[in-house]
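As structure tokens, the structure follows; a few thoughts come after it.
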Amino acid sequence: MRLDRFLSETTDLTRSLAKKALHREEVRVDGEVVKNPATQVDASRRVTWNGEPLALVGLRYVMLHKPEGVECSARRGLYPLVRELVDLPHVERLQTVGRLDVDTTGLVLLTDDGQWSHRVTSPKRRCGKVYRVTLAEPLEGEALEAAVTQFAEGLWLDGEEKPTRPAELSMREPRVAELTLFEGKYHQVKRMFAAIGHHVAALHREAIGPLSLGELAPGEWRELSEAERAQF
Ligand code: URA
């Protein structure tokens with residue numbers, strides 16, 4: 001790869017600032033000052049900037065237990081960002097795989113591998129996302145039977161061009177549902193329950209496909225093993 005690109009991938013420098021750093025003779029390759037941004041380098045070369053060794057970071061795959069009050073967004077708004085909880089180099093390159101609302105807790109995946117992210121979120125792959133849904137009011141009897149059928153057949157949500165894909169609903173307690181979705185529309189769980197006249201009081205994502213939170217406490221994260229990410 002070109003040296004200016006190597007610098008922009010391993011530091012906070014943009015390509016044009018990297019060229020300036022080269023011009024100021026701040027960069028050495030295998031101990032020699034190099035000024036040409038087109039110089040080809042790879043992982044076998046020792047590249048330093050102002051004496052600091054630089055190393056390319058590979059693709060990262062992270063699972064995190066999102067607490068309330070943290071946002072799955074690329075830019076900082078009112079709330080801290082989920083990726084700010086992750087202590088890895090260049091966290092700004094990590095994107096969340098789908099999103100949870102600020103007040104939703106639970107399993108979030110982050111990666112800088114766009115193709116993997118697409119594999120996890122594409123409805124065609126039928127990767128189930130399991131939610132624990134706490135309702136304001138109990139859902140029981142005939143209303144529950146009707147809801148199970150409606151969710152399984154698909155619901156028309158306001159503003160959508162297609163009905164929701166078949167989803168699986170069961171109750172763990174009269175006010176606590178388990179819902180498995182195979183897609184991810186905006187505020188989908190809350191809108192589906194609103195469509196059948198129920199308010200979601202609390203929402204927690206327990207699993208994405210074969211991955212569940214396990215022992216991870218709110219705010220904790222870990223990198224996925226090779227075997228875990230290969231499951232998608
Ligand atoms: N559906 C919602 O309504 N909110 C979430 O955070 C995730 C799914």
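Residue numbering restarts at 1 for every chain of the structure tokens, chains are lettered A, B, ... in their displayed order, and ligands are numbered from 1 as they appear.
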message: For Phe6 (chain A), find every residue with an atom within 12 Å (counting only C-alpha atoms), except residues of its own chain fewer than 2 positions away, and show them as JSON, numbers by chain.
response: {"A": [1, 2, 3, 4, 8, 9, 10, 11, 12, 13, 14, 15, 18, 19, 22, 27, 29, 37, 38, 39, 40, 41, 42, 43, 45, 46, 47, 48, 49, 54, 55, 56, 57]}
Can I get the selected residues back with C-alpha atoms, as a compact mmCIF listing (two decimals), in the first residue's frame?
```
# COMPACT_ATOMS: atom_id res chain seq x y z
CA MET A 1 0.00 0.00 0.00
CA ARG A 2 1.13 3.61 -0.58
CA LEU A 3 2.91 5.22 2.34
CA ASP A 4 0.47 8.17 2.60
CA SER A 8 -3.74 7.74 7.25
CA GLU A 9 -4.81 4.21 8.30
CA THR A 10 -2.46 3.98 11.27
CA THR A 11 -2.70 7.55 12.64
CA ASP A 12 -5.25 10.37 12.86
CA LEU A 13 -3.63 12.04 9.83
CA THR A 14 -5.64 12.55 6.67
CA ARG A 15 -3.90 11.67 3.39
CA ALA A 18 0.29 12.58 5.91
CA LYS A 19 1.93 14.07 2.80
CA LEU A 22 6.43 13.17 4.89
CA VAL A 27 8.49 9.55 8.66
CA VAL A 29 10.78 3.38 6.74
CA PRO A 37 3.98 9.44 -0.54
CA ALA A 38 3.79 6.82 -3.31
CA THR A 39 6.44 4.59 -1.71
CA GLN A 40 4.99 1.08 -1.32
CA VAL A 41 5.02 -0.39 2.20
CA ASP A 42 3.56 -3.50 3.82
CA ALA A 43 3.39 -5.01 7.31
CA ARG A 45 8.40 -2.74 6.93
CA ARG A 46 9.12 -0.79 10.12
CA VAL A 47 7.39 2.56 9.68
CA THR A 48 7.77 5.30 12.32
CA TRP A 49 6.28 8.80 12.62
CA LEU A 54 3.05 2.43 13.42
CA ALA A 55 1.13 -0.81 12.83
CA LEU A 56 -1.89 -1.54 10.66
CA VAL A 57 -4.95 -2.68 12.58
```
If DSSP is run on the backbone, what residues of region 49-219 of chain A are strand (DSSP E or B)? A reply as a compact mmCIF listing (two decimals) with N, CA, C and O atoms, in the first residue's frame would be ideal.
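The result, written out as out.txt:
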```txt
# COMPACT_ATOMS: atom_id res chain seq x y z
N TRP A 49 6.64 7.37 12.81
CA TRP A 49 6.28 8.80 12.62
C TRP A 49 6.75 9.51 13.89
O TRP A 49 6.31 9.14 14.98
N GLU A 52 7.67 7.17 16.60
CA GLU A 52 6.69 6.20 17.10
C GLU A 52 6.42 5.12 16.05
O GLU A 52 6.05 5.46 14.92
N PRO A 53 6.59 3.84 16.39
CA PRO A 53 6.29 2.79 15.40
C PRO A 53 4.79 2.73 15.09
O PRO A 53 3.97 2.92 15.99
N LEU A 54 4.46 2.48 13.84
CA LEU A 54 3.05 2.43 13.42
C LEU A 54 2.73 1.01 12.94
O LEU A 54 3.55 0.38 12.29
N TYR A 61 -14.05 -7.22 15.39
CA TYR A 61 -15.43 -7.71 15.60
C TYR A 61 -15.66 -7.72 17.10
O TYR A 61 -14.98 -8.46 17.82
N VAL A 62 -16.62 -6.91 17.54
CA VAL A 62 -16.79 -6.68 18.97
C VAL A 62 -18.24 -6.92 19.35
O VAL A 62 -19.16 -6.57 18.60
N MET A 63 -18.47 -7.56 20.52
CA MET A 63 -19.82 -7.57 21.09
C MET A 63 -19.82 -6.75 22.37
O MET A 63 -18.81 -6.72 23.09
N LEU A 64 -20.93 -6.04 22.62
CA LEU A 64 -20.98 -5.11 23.74
C LEU A 64 -22.36 -5.18 24.38
O LEU A 64 -23.36 -5.39 23.70
N HIS A 65 -22.39 -5.05 25.71
CA HIS A 65 -23.66 -4.97 26.42
C HIS A 65 -23.99 -3.49 26.58
O HIS A 65 -23.39 -2.80 27.40
N LYS A 66 -24.92 -3.03 25.75
CA LYS A 66 -25.24 -1.60 25.75
C LYS A 66 -26.08 -1.24 26.97
O LYS A 66 -27.15 -1.83 27.18
N GLU A 71 -25.70 5.95 22.78
CA GLU A 71 -26.30 6.00 21.45
C GLU A 71 -25.52 5.17 20.43
O GLU A 71 -24.29 5.23 20.40
N LEU A 81 -21.46 7.78 22.76
CA LEU A 81 -21.62 6.76 21.72
C LEU A 81 -21.17 5.39 22.24
O LEU A 81 -20.23 5.31 23.04
N GLN A 95 -18.31 0.59 13.36
CA GLN A 95 -19.73 0.94 13.14
C GLN A 95 -20.58 -0.10 13.86
O GLN A 95 -20.21 -1.27 13.88
N THR A 96 -21.73 0.35 14.38
CA THR A 96 -22.61 -0.65 14.98
C THR A 96 -23.31 -1.42 13.86
O THR A 96 -23.61 -0.87 12.80
N THR A 105 -31.54 -1.61 25.97
CA THR A 105 -30.29 -2.19 26.47
C THR A 105 -30.01 -3.49 25.71
O THR A 105 -30.87 -3.99 24.99
N GLY A 106 -28.80 -4.02 25.90
CA GLY A 106 -28.53 -5.36 25.38
C GLY A 106 -27.44 -5.45 24.34
O GLY A 106 -26.59 -4.58 24.22
N LEU A 107 -27.51 -6.54 23.58
CA LEU A 107 -26.41 -6.94 22.70
C LEU A 107 -26.29 -6.05 21.46
O LEU A 107 -27.24 -5.91 20.68
N VAL A 108 -25.10 -5.46 21.31
CA VAL A 108 -24.77 -4.69 20.10
C VAL A 108 -23.47 -5.25 19.55
O VAL A 108 -22.55 -5.55 20.30
N LEU A 109 -23.43 -5.39 18.22
CA LEU A 109 -22.18 -5.79 17.57
C LEU A 109 -21.58 -4.57 16.90
O LEU A 109 -22.31 -3.71 16.39
N LEU A 110 -20.25 -4.49 16.92
CA LEU A 110 -19.55 -3.40 16.23
C LEU A 110 -18.44 -4.02 15.38
O LEU A 110 -17.82 -4.99 15.79
N THR A 111 -18.21 -3.42 14.23
CA THR A 111 -17.13 -3.92 13.37
C THR A 111 -16.70 -2.83 12.41
O THR A 111 -17.42 -1.84 12.19
N LYS A 129 -32.99 -11.86 15.73
CA LYS A 129 -32.61 -11.02 16.87
C LYS A 129 -33.67 -11.21 17.95
O LYS A 129 -34.86 -11.00 17.70
N VAL A 130 -33.22 -11.62 19.13
CA VAL A 130 -34.17 -11.97 20.19
C VAL A 130 -34.26 -10.82 21.19
O VAL A 130 -33.24 -10.38 21.75
N TYR A 131 -35.49 -10.33 21.41
CA TYR A 131 -35.73 -9.22 22.33
C TYR A 131 -36.57 -9.68 23.52
O TYR A 131 -37.53 -10.44 23.35
N ARG A 132 -36.21 -9.17 24.71
CA ARG A 132 -37.09 -9.30 25.87
C ARG A 132 -37.84 -7.99 25.97
O ARG A 132 -37.23 -6.92 26.10
N VAL A 133 -39.17 -8.08 25.87
CA VAL A 133 -39.98 -6.87 25.78
C VAL A 133 -40.86 -6.78 27.02
O VAL A 133 -41.71 -7.65 27.25
N THR A 134 -40.68 -5.74 27.83
CA THR A 134 -41.53 -5.55 29.00
C THR A 134 -42.63 -4.57 28.62
O THR A 134 -42.35 -3.45 28.18
N LEU A 135 -43.87 -5.04 28.77
CA LEU A 135 -45.02 -4.23 28.35
C LEU A 135 -45.60 -3.47 29.53
O LEU A 135 -45.49 -3.92 30.69
N GLU A 168 -41.59 -14.06 15.58
CA GLU A 168 -42.06 -15.07 16.54
C GLU A 168 -42.27 -14.43 17.90
O GLU A 168 -41.35 -13.83 18.46
N LEU A 169 -43.49 -14.56 18.41
CA LEU A 169 -43.85 -13.95 19.70
C LEU A 169 -44.28 -15.03 20.69
O LEU A 169 -45.07 -15.92 20.35
N SER A 170 -43.75 -14.95 21.91
CA SER A 170 -44.27 -15.79 23.00
C SER A 170 -44.18 -14.98 24.28
O SER A 170 -43.49 -13.96 24.32
N MET A 171 -44.91 -15.41 25.32
CA MET A 171 -44.90 -14.66 26.58
C MET A 171 -44.14 -15.45 27.63
O MET A 171 -44.32 -16.67 27.78
N ARG A 172 -43.26 -14.78 28.37
CA ARG A 172 -42.56 -15.42 29.49
C ARG A 172 -43.33 -15.18 30.79
O ARG A 172 -43.31 -15.99 31.70
N GLU A 173 -43.95 -14.01 30.84
CA GLU A 173 -44.83 -13.63 31.96
C GLU A 173 -45.92 -12.77 31.32
O GLU A 173 -45.73 -12.31 30.18
N VAL A 176 -44.21 -9.78 30.12
CA VAL A 176 -42.85 -9.92 29.54
C VAL A 176 -42.90 -10.86 28.34
O VAL A 176 -43.16 -12.06 28.48
N ALA A 177 -42.65 -10.28 27.17
CA ALA A 177 -42.70 -11.06 25.93
C ALA A 177 -41.30 -11.37 25.44
O ALA A 177 -40.34 -10.66 25.77
N GLU A 178 -41.21 -12.45 24.64
CA GLU A 178 -39.98 -12.71 23.88
C GLU A 178 -40.35 -12.58 22.41
O GLU A 178 -41.28 -13.23 21.95
N LEU A 179 -39.64 -11.69 21.71
CA LEU A 179 -39.95 -11.47 20.30
C LEU A 179 -38.68 -11.70 19.49
O LEU A 179 -37.62 -11.15 19.80
N THR A 180 -38.78 -12.53 18.44
CA THR A 180 -37.63 -12.74 17.55
C THR A 180 -37.95 -12.13 16.19
O THR A 180 -38.95 -12.47 15.56
N LEU A 181 -37.08 -11.18 15.78
CA LEU A 181 -37.24 -10.50 14.49
C LEU A 181 -36.13 -10.97 13.54
O LEU A 181 -35.02 -11.25 13.97
N VAL A 200 -44.45 -0.36 24.97
CA VAL A 200 -43.25 -1.06 25.46
C VAL A 200 -42.63 -0.21 26.57
O VAL A 200 -42.20 0.92 26.36
N ALA A 201 -42.57 -0.79 27.77
CA ALA A 201 -42.02 -0.05 28.92
C ALA A 201 -40.50 -0.20 28.99
O ALA A 201 -39.80 0.71 29.43
N ALA A 202 -39.99 -1.36 28.55
CA ALA A 202 -38.53 -1.57 28.55
C ALA A 202 -38.19 -2.61 27.49
O ALA A 202 -38.99 -3.52 27.22
N LEU A 203 -37.03 -2.42 26.86
CA LEU A 203 -36.64 -3.30 25.76
C LEU A 203 -35.17 -3.69 25.90
O LEU A 203 -34.31 -2.83 26.17
N HIS A 204 -34.92 -4.98 25.72
CA HIS A 204 -33.56 -5.51 25.91
C HIS A 204 -33.30 -6.55 24.82
O HIS A 204 -34.12 -7.45 24.62
N ARG A 205 -32.16 -6.43 24.11
CA ARG A 205 -31.83 -7.44 23.09
C ARG A 205 -30.91 -8.48 23.72
O ARG A 205 -29.83 -8.15 24.19
N GLU A 206 -31.38 -9.73 23.68
CA GLU A 206 -30.62 -10.81 24.34
C GLU A 206 -29.66 -11.52 23.41
O GLU A 206 -28.63 -12.02 23.86
N ALA A 207 -30.03 -11.62 22.14
CA ALA A 207 -29.22 -12.44 21.23
C ALA A 207 -29.33 -11.94 19.80
O ALA A 207 -30.34 -11.34 19.40
N ILE A 208 -28.27 -12.19 19.05
CA ILE A 208 -28.26 -11.97 17.59
C ILE A 208 -27.76 -13.27 16.99
O ILE A 208 -26.61 -13.65 17.21
N LEU A 211 -25.22 -15.65 18.83
CA LEU A 211 -24.49 -14.92 19.89
C LEU A 211 -25.43 -14.38 20.94
O LEU A 211 -26.41 -13.69 20.61
N SER A 212 -25.12 -14.65 22.21
CA SER A 212 -25.88 -14.00 23.28
C SER A 212 -24.90 -13.36 24.25
O SER A 212 -23.70 -13.63 24.21
```
query: Once you count only C-alpha atoms and all ligand atoms, which residues end up within 6 Å of ligand 1, and could you hand them over as a list in words?
result: Leu100, Asp101, Thr104, His187, Gln188, Val189 and Lys190 of chain A
Grab the residues selected above and save them as a compact mmCIF listing (two decimals), in the first residue's frame with N, CA and C atoms.
```txt
# COMPACT_ATOMS: atom_id res chain seq x y z
N LEU A 100 -29.64 0.05 18.29
CA LEU A 100 -30.64 0.01 19.37
C LEU A 100 -30.95 1.44 19.77
N ASP A 101 -32.17 1.69 20.20
CA ASP A 101 -32.55 3.02 20.67
C ASP A 101 -31.75 3.37 21.93
N THR A 104 -32.92 1.46 24.86
CA THR A 104 -32.88 0.00 24.76
C THR A 104 -31.52 -0.49 25.27
N HIS A 187 -37.25 1.57 15.05
CA HIS A 187 -38.12 1.39 16.23
C HIS A 187 -39.10 0.22 16.05
N GLN A 188 -38.63 -0.85 15.40
CA GLN A 188 -39.59 -1.87 14.96
C GLN A 188 -40.37 -2.53 16.09
N VAL A 189 -39.68 -2.89 17.17
CA VAL A 189 -40.39 -3.61 18.24
C VAL A 189 -41.46 -2.69 18.84
N LYS A 190 -41.08 -1.45 19.14
CA LYS A 190 -42.05 -0.53 19.78
C LYS A 190 -43.22 -0.26 18.84
```
task: For CA of Glu228 (chain A) and CA of Ser117 (chain A), determine how far apart the two atoms are, in Å to one decimal place.
output: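 CA of Ser117 (chain A) lies 13.6 Å from CA of Glu228 (chain A).
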task: To one decimal in Å, tell me the separation between CA of Cys127 (chain A) and CA of Ala167 (chain A).
output: 11.7 Å
task: Please report, as JSON, numbers by chain, each residue of region 1-219 of chain A to which DSSP assigns helix (DSSP H, G or I) when run on this structure's backbone.
output: {"A": [3, 4, 5, 6, 7, 8, 9, 10, 15, 16, 17, 18, 19, 20, 21, 22, 23, 82, 83, 84, 85, 91, 92, 93, 114, 115, 116, 117, 118, 119, 120, 121, 123, 124, 125, 141, 142, 143, 144, 145, 146, 147, 148, 149, 150, 151, 152, 153, 188, 189, 190, 191, 192, 193, 194, 195]}
- prompt: Which value, in Å to one decimal, gives the distance between CA of Gly77 (chain A) and CA of Val91 (chain A)?
  reply: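 So the two atoms, CA of Gly77 (chain A) and CA of Val91 (chain A), lie 16.9 Å apart.
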- prompt: Quick one: residues within 12 Å of Glu161 (chain A), only C-alpha atoms counted, chain neighbours fewer than 5 positions away excluded, as a PyMOL selection string?
  reply: chain A and resi 155-156+185
message: So that I can check the surroundings of region 121-125 of chain A, please list as a list in words every protein, DNA and RNA residue that reaches within 6 Å of it, counting only C-alpha atoms and ignoring chain neighbours fewer than 2 positions away.
response: His118, Arg119, Cys127, Phe182 and Glu183 of chain A
Could you turn the residues from that selection into a file that holds N, CA, C and O atoms, as a compact mmCIF listing (two decimals), in the first residue's frame?
```txt
# COMPACT_ATOMS: atom_id res chain seq x y z
N HIS A 118 -23.12 -6.52 6.78
CA HIS A 118 -24.24 -6.74 5.86
C HIS A 118 -24.78 -8.17 6.02
O HIS A 118 -26.00 -8.39 6.00
N ARG A 119 -23.86 -9.12 6.21
CA ARG A 119 -24.31 -10.52 6.37
C ARG A 119 -25.17 -10.67 7.61
O ARG A 119 -26.14 -11.42 7.63
N CYS A 127 -31.13 -14.01 10.16
CA CYS A 127 -30.40 -14.07 11.43
C CYS A 127 -31.33 -13.47 12.50
O CYS A 127 -31.61 -12.26 12.49
N PHE A 182 -36.45 -10.96 12.24
CA PHE A 182 -35.45 -11.36 11.23
C PHE A 182 -35.12 -10.19 10.32
O PHE A 182 -34.73 -10.37 9.16
N GLU A 183 -35.34 -8.99 10.80
CA GLU A 183 -35.06 -7.76 10.06
C GLU A 183 -34.91 -6.65 11.10
O GLU A 183 -35.03 -6.91 12.31
```
